[in-house]
Structures are given as C-alpha cells and as structure tokens.
Amino acid sequence: MTTPHDIAILRLDAAEAQEAIPALADILADAVAGGASVGFMDWNGPADYAAFWTGVVAEVAAGRTILFAARSGEDIVGTAQLQLIGKPNQPHRAEIAKVLVHSRARRRGVGEALMQAAEMAARQGNRDLLVLDTDENGAARRLYRRLGWTEAGTIPRYALMPDGRDCGSTFFYKDLA
Ligand SMILES: CC(C)(COP(=O)(O)OP(=O)(O)OC[C@H]1O[C@@H](n2cnc3c(N)ncnc32)[C@H](O)[C@@H]1OP(=O)(O)O)[C@@H](O)C(=O)NCCC(=O)NCCS
C-alpha cells in the first residue's frame, strides 16, 4: 500500500504539537468513542484528552518522543509516536504508541504510512528494536502483522475496554537489525 496522495506525514516539534492539541484530542476522542482500548474509558472527556496530549508535548520538548501527524489539507487525520527508551542498557530500543487514525480516514493506508514514518525515524536514530502492544481484538493487530511485526504473546485482562470489559494486550516486536 502506498501513502494516499492527499496525505502528508509530518514530524511535529513541540510548538507544532502544542498547536495540534485540539485536533489530536479529537482523534483520541473518536477512537475511544469507537470502542478502541487506547488508555481511556468512555467516561473520559475533552479535558482528559487535552491533558494527555499536553504530556506528550512535554515528552517531545524533552526529546524523549517523536510525534507524527498525518495531514490531509489543513486537517490532522492521524497520529503515532516513537518513544525513545532512555535506559542506559537499552540504547537500541524504542516503542511505538498511540497509533490513531480518525474513523473518517481509515482503510486508506494512513496507519501504514504512520508506521513506516516511525520505523524510518527509528532507523535514523539507530534504534533497531521496536516494541508495541495493542488490543488483542483490535484492527491494528492485523495491520502490524501485515507490516512484518512479530507477535510475542497476549496478556489476558491487561487493560479495560472503554465500556469496562476486560481487554487482553498483544505484544509485538520488530527487529530492524
Ligand atoms: C489501527 C488503525 C490505526 C489503522 O489505521 P488505518 O489508517 O485504517 O490503517 P491502514 O489503512 O494503513 O491499514 C488498515 C489495516 O488495518 C486493519 N484493519 C482495519 N480495519 C479493520 C477491521 N475492521 N477488521 C480487521 N482489520 C482491520 C487491516 O489490516 C487493514 O489492512 P487491509 O485494509 O489491507 O486489510 C485505525 O483503525 C485506528 O485508529 N483504530 C483505533 C485506534 C487503535 O486501535 N489504534 C491502535 C493502538 S496500538
């Protein structure tokens, strides 16, 4: 799949990320409303999502997270993060987190394009072991398999779905070495 012609994948600096908080909060709200297990419950609201992204902006400013946005015209329709692990004994590892595409823009290759951008940034930063986890029943599991990620296993009851049901998390890794 190639990146849709109307989509640009951008790496946001802290100022750009700050400006994008309303759009990013909207994408997170859309994912939770759609039943995705992405760290929030259905009783969370706009202030919670904005607070989450404010924390991400701080991580970007500190150089610990690389934040990507998928733009279509003036709109941000998707996002992903590459979290650089700061531990002295893991200089080669990074985690991918919060891969989110607004429901109006899904199944067009935006998620794949975000994953490719994160992987390229990891290679450029000499991070050659990538890790992520995702809802065992979510759409992302198939996407990650298709992109060459290896399933390490599923931990039952790892998190909750937005409506309170149990949700297992499937852990993946991709060895770029
Ligand atoms: C997972 C997600 C990011 C994919 O974004 P996307 O832009 O639709 O991704 P792409 O178009 O690049 O690829 C879509 C792939 O996702 C998978 N997928 C999407 N919807 C699916 C569904 N209803 N059932 C099964 N697989 C599905 C498939 O592998 C699909 O590829 P295919 O069309 O070749 O079968 C998006 O569905 C999303 O934001 N979901 C909610 C949040 C979430 O769960 N994020 C993952 C957190 S780790």
# chains A, B, ... in the order shown; residues from 1 in each chain; ligands from 1

call {"tool": "residues_near_ligand", "arguments": {"ligand": "ligand 1", "cutoff": "9 Å", "atoms": "only C-alpha atoms and all ligand atoms", "output": "number ranges by chain"}}
result
A: 1-3, 27-28, 30-32, 34-38, 77-80, 96-103, 105-115, 132-135, 137-147

call {"tool": "residues_around", "arguments": {"residues": "Leu82 of chain A", "least_positions_apart": "3", "cutoff": "10 Å", "atoms": "only C-alpha atoms", "output": "ChimeraX atom specification"}}
result
/A:60,64-68,85,94-99,115,117-119,121-122,130-132

call {"tool": "write_last_selection", "arguments": {"atoms": "N, CA, C and O atoms", "output": "compact mmCIF listing (two decimals), in the first residue's frame"}}
result
# COMPACT_ATOMS: atom_id res chain seq x y z
N VAL A 60 7.93 15.47 23.85
CA VAL A 60 8.53 15.91 22.58
C VAL A 60 9.57 16.98 22.87
O VAL A 60 10.70 16.94 22.35
N ARG A 64 12.27 12.99 24.18
CA ARG A 64 12.06 11.57 24.50
C ARG A 64 11.03 10.91 23.58
O ARG A 64 10.94 9.69 23.52
N THR A 65 10.24 11.72 22.90
CA THR A 65 9.21 11.19 22.00
C THR A 65 9.27 11.92 20.67
O THR A 65 9.43 13.14 20.64
N ILE A 66 9.13 11.14 19.59
CA ILE A 66 8.96 11.73 18.26
C ILE A 66 7.49 11.57 17.90
O ILE A 66 6.95 10.46 17.93
N LEU A 67 6.85 12.69 17.61
CA LEU A 67 5.40 12.70 17.36
C LEU A 67 5.13 12.93 15.88
O LEU A 67 5.65 13.89 15.30
N PHE A 68 4.32 12.06 15.31
CA PHE A 68 3.96 12.17 13.89
C PHE A 68 2.49 12.54 13.76
O PHE A 68 1.65 12.12 14.55
N ILE A 85 13.53 4.98 24.37
CA ILE A 85 13.75 4.46 25.71
C ILE A 85 15.04 5.06 26.25
O ILE A 85 16.08 5.02 25.61
N ALA A 94 13.14 1.20 20.99
CA ALA A 94 12.13 2.27 21.03
C ALA A 94 10.75 1.61 21.01
O ALA A 94 10.61 0.45 20.61
N GLU A 95 9.76 2.37 21.45
CA GLU A 95 8.38 1.85 21.45
C GLU A 95 7.50 2.71 20.56
O GLU A 95 7.67 3.94 20.52
N ILE A 96 6.59 2.07 19.90
CA ILE A 96 5.59 2.80 19.11
C ILE A 96 4.30 2.82 19.91
O ILE A 96 3.91 1.80 20.50
N ALA A 97 3.67 3.98 19.97
CA ALA A 97 2.48 4.13 20.81
C ALA A 97 1.45 5.04 20.14
O ALA A 97 1.79 5.84 19.27
N LYS A 98 0.22 4.88 20.60
CA LYS A 98 -0.90 5.74 20.18
C LYS A 98 -0.95 5.95 18.66
O LYS A 98 -0.90 7.08 18.17
N VAL A 99 -1.02 4.83 17.96
CA VAL A 99 -1.25 4.88 16.51
C VAL A 99 -2.76 5.05 16.34
O VAL A 99 -3.53 4.13 16.65
N MET A 115 3.15 4.21 10.47
CA MET A 115 4.07 3.17 10.96
C MET A 115 5.40 3.21 10.20
O MET A 115 6.47 3.04 10.80
N ALA A 117 6.74 5.81 8.77
CA ALA A 117 7.49 7.01 9.19
C ALA A 117 8.17 6.78 10.54
O ALA A 117 9.33 7.17 10.74
N ALA A 118 7.45 6.12 11.46
CA ALA A 118 8.03 5.85 12.78
C ALA A 118 9.22 4.90 12.65
O ALA A 118 10.25 5.08 13.30
N GLU A 119 9.07 3.91 11.78
CA GLU A 119 10.16 2.95 11.59
C GLU A 119 11.38 3.64 10.98
O GLU A 119 12.52 3.38 11.38
N ALA A 121 12.21 6.80 11.26
CA ALA A 121 12.82 7.64 12.29
C ALA A 121 13.63 6.80 13.26
O ALA A 121 14.70 7.22 13.73
N ALA A 122 13.13 5.60 13.56
CA ALA A 122 13.87 4.70 14.46
C ALA A 122 15.20 4.31 13.84
O ALA A 122 16.25 4.38 14.50
N LEU A 130 12.11 -2.49 17.89
CA LEU A 130 10.88 -1.75 18.16
C LEU A 130 9.87 -2.67 18.85
O LEU A 130 9.78 -3.86 18.53
N VAL A 131 9.10 -2.08 19.75
CA VAL A 131 8.13 -2.83 20.55
C VAL A 131 6.82 -2.05 20.56
O VAL A 131 6.84 -0.81 20.52
N LEU A 132 5.71 -2.75 20.59
CA LEU A 132 4.42 -2.09 20.80
C LEU A 132 3.45 -3.10 21.39
O LEU A 132 3.67 -4.31 21.34

call {"tool": "closest_residue", "arguments": {"among": "A:Ile9, A:Met41, A:Ala15, A:Leu24", "to": "Met161 of chain A", "atoms": "only C-alpha atoms"}}
result
A:Met41

call {"tool": "select_by_dssp", "arguments": {"residues": "segment 10-172 of chain A", "states": "strand (DSSP E or B)", "output": "PyMOL selection string"}}
result
chain A and resi 10-12+65-72+75-84+93-101+129-135+150-160+166-172

call {"tool": "residues_around", "arguments": {"residues": "Gly55 of chain A", "least_positions_apart": "6", "cutoff": "12 Å", "atoms": "only C-alpha atoms", "output": "MDAnalysis selection string"}}
result
chainID A and resid 14 17:18 21 48:49 61:62 64:65 67

call {"tool": "select_by_dssp", "arguments": {"residues": "chain A", "states": "alpha helix (DSSP H)", "output": "NGL selection string"}}
result
:A and (14-19 or 21-33 or 46-61 or 110-124 or 139-146)

call {"tool": "closest_residue", "arguments": {"among": "A:Ala70, A:Leu176, A:Ile7, A:Leu160", "to": "Ala23 of chain A", "atoms": "only C-alpha atoms"}}
result
A:Ala70

call {"tool": "decode", "arguments": {"residues": "segment 1-19 of chain A", "atoms": "N, CA, C and O atoms", "output": "short mmCIF file (atom, residue, chain, number, x, y, z; two decimals), in the first residue's frame"}}
result
data_model
loop_
_atom_site.label_atom_id
_atom_site.label_comp_id
_atom_site.auth_asym_id
_atom_site.auth_seq_id
_atom_site.Cartn_x
_atom_site.Cartn_y
_atom_site.Cartn_z
N MET A 1 0.86 -1.20 0.00
CA MET A 1 0.00 0.00 0.00
C MET A 1 0.89 1.25 0.00
O MET A 1 1.88 1.28 0.71
N THR A 2 0.57 2.26 -0.80
CA THR A 2 1.36 3.49 -0.78
C THR A 2 0.58 4.58 -0.04
O THR A 2 -0.64 4.49 0.11
N THR A 3 1.29 5.60 0.40
CA THR A 3 0.63 6.69 1.12
C THR A 3 -0.37 7.37 0.17
O THR A 3 -0.01 7.70 -0.95
N PRO A 4 -1.61 7.58 0.63
CA PRO A 4 -2.57 8.27 -0.23
C PRO A 4 -2.03 9.62 -0.67
O PRO A 4 -1.32 10.29 0.09
N HIS A 5 -2.33 10.04 -1.91
CA HIS A 5 -1.70 11.23 -2.46
C HIS A 5 -2.03 12.50 -1.67
O HIS A 5 -1.26 13.46 -1.68
N ASP A 6 -3.15 12.52 -0.97
CA ASP A 6 -3.54 13.73 -0.24
C ASP A 6 -3.02 13.75 1.19
O ASP A 6 -3.35 14.65 1.96
N ILE A 7 -2.23 12.75 1.56
CA ILE A 7 -1.77 12.65 2.95
C ILE A 7 -0.28 12.97 3.05
O ILE A 7 0.53 12.46 2.27
N ALA A 8 0.06 13.84 4.01
CA ALA A 8 1.47 14.12 4.31
C ALA A 8 1.75 13.67 5.74
O ALA A 8 0.95 13.97 6.64
N ILE A 9 2.82 12.95 5.94
CA ILE A 9 3.20 12.54 7.30
C ILE A 9 4.26 13.52 7.80
O ILE A 9 5.34 13.65 7.20
N LEU A 10 3.94 14.21 8.87
CA LEU A 10 4.82 15.25 9.42
C LEU A 10 5.34 14.84 10.79
O LEU A 10 4.65 14.13 11.54
N ARG A 11 6.54 15.30 11.08
CA ARG A 11 7.11 15.13 12.42
C ARG A 11 6.94 16.47 13.13
O ARG A 11 7.46 17.48 12.67
N LEU A 12 6.17 16.49 14.21
CA LEU A 12 5.84 17.75 14.87
C LEU A 12 6.87 18.09 15.94
O LEU A 12 7.22 17.23 16.77
N ASP A 13 7.34 19.34 15.93
CA ASP A 13 8.15 19.79 17.06
C ASP A 13 7.20 20.18 18.19
O ASP A 13 5.96 20.12 18.03
N ALA A 14 7.75 20.60 19.32
CA ALA A 14 6.90 20.84 20.49
C ALA A 14 5.88 21.95 20.23
O ALA A 14 4.71 21.84 20.64
N ALA A 15 6.30 23.02 19.54
CA ALA A 15 5.38 24.13 19.27
C ALA A 15 4.25 23.66 18.34
O ALA A 15 3.06 24.00 18.55
N GLU A 16 4.61 22.90 17.32
CA GLU A 16 3.58 22.39 16.40
C GLU A 16 2.65 21.41 17.11
O GLU A 16 1.44 21.39 16.86
N ALA A 17 3.23 20.61 18.00
CA ALA A 17 2.42 19.65 18.74
C ALA A 17 1.43 20.38 19.66
O ALA A 17 0.26 20.00 19.77
N GLN A 18 1.91 21.44 20.30
CA GLN A 18 1.04 22.23 21.18
C GLN A 18 -0.15 22.78 20.38
O GLN A 18 -1.30 22.70 20.81
N GLU A 19 0.15 23.30 19.20
CA GLU A 19 -0.90 23.88 18.36
C GLU A 19 -1.89 22.81 17.89
O GLU A 19 -3.07 23.08 17.67
#
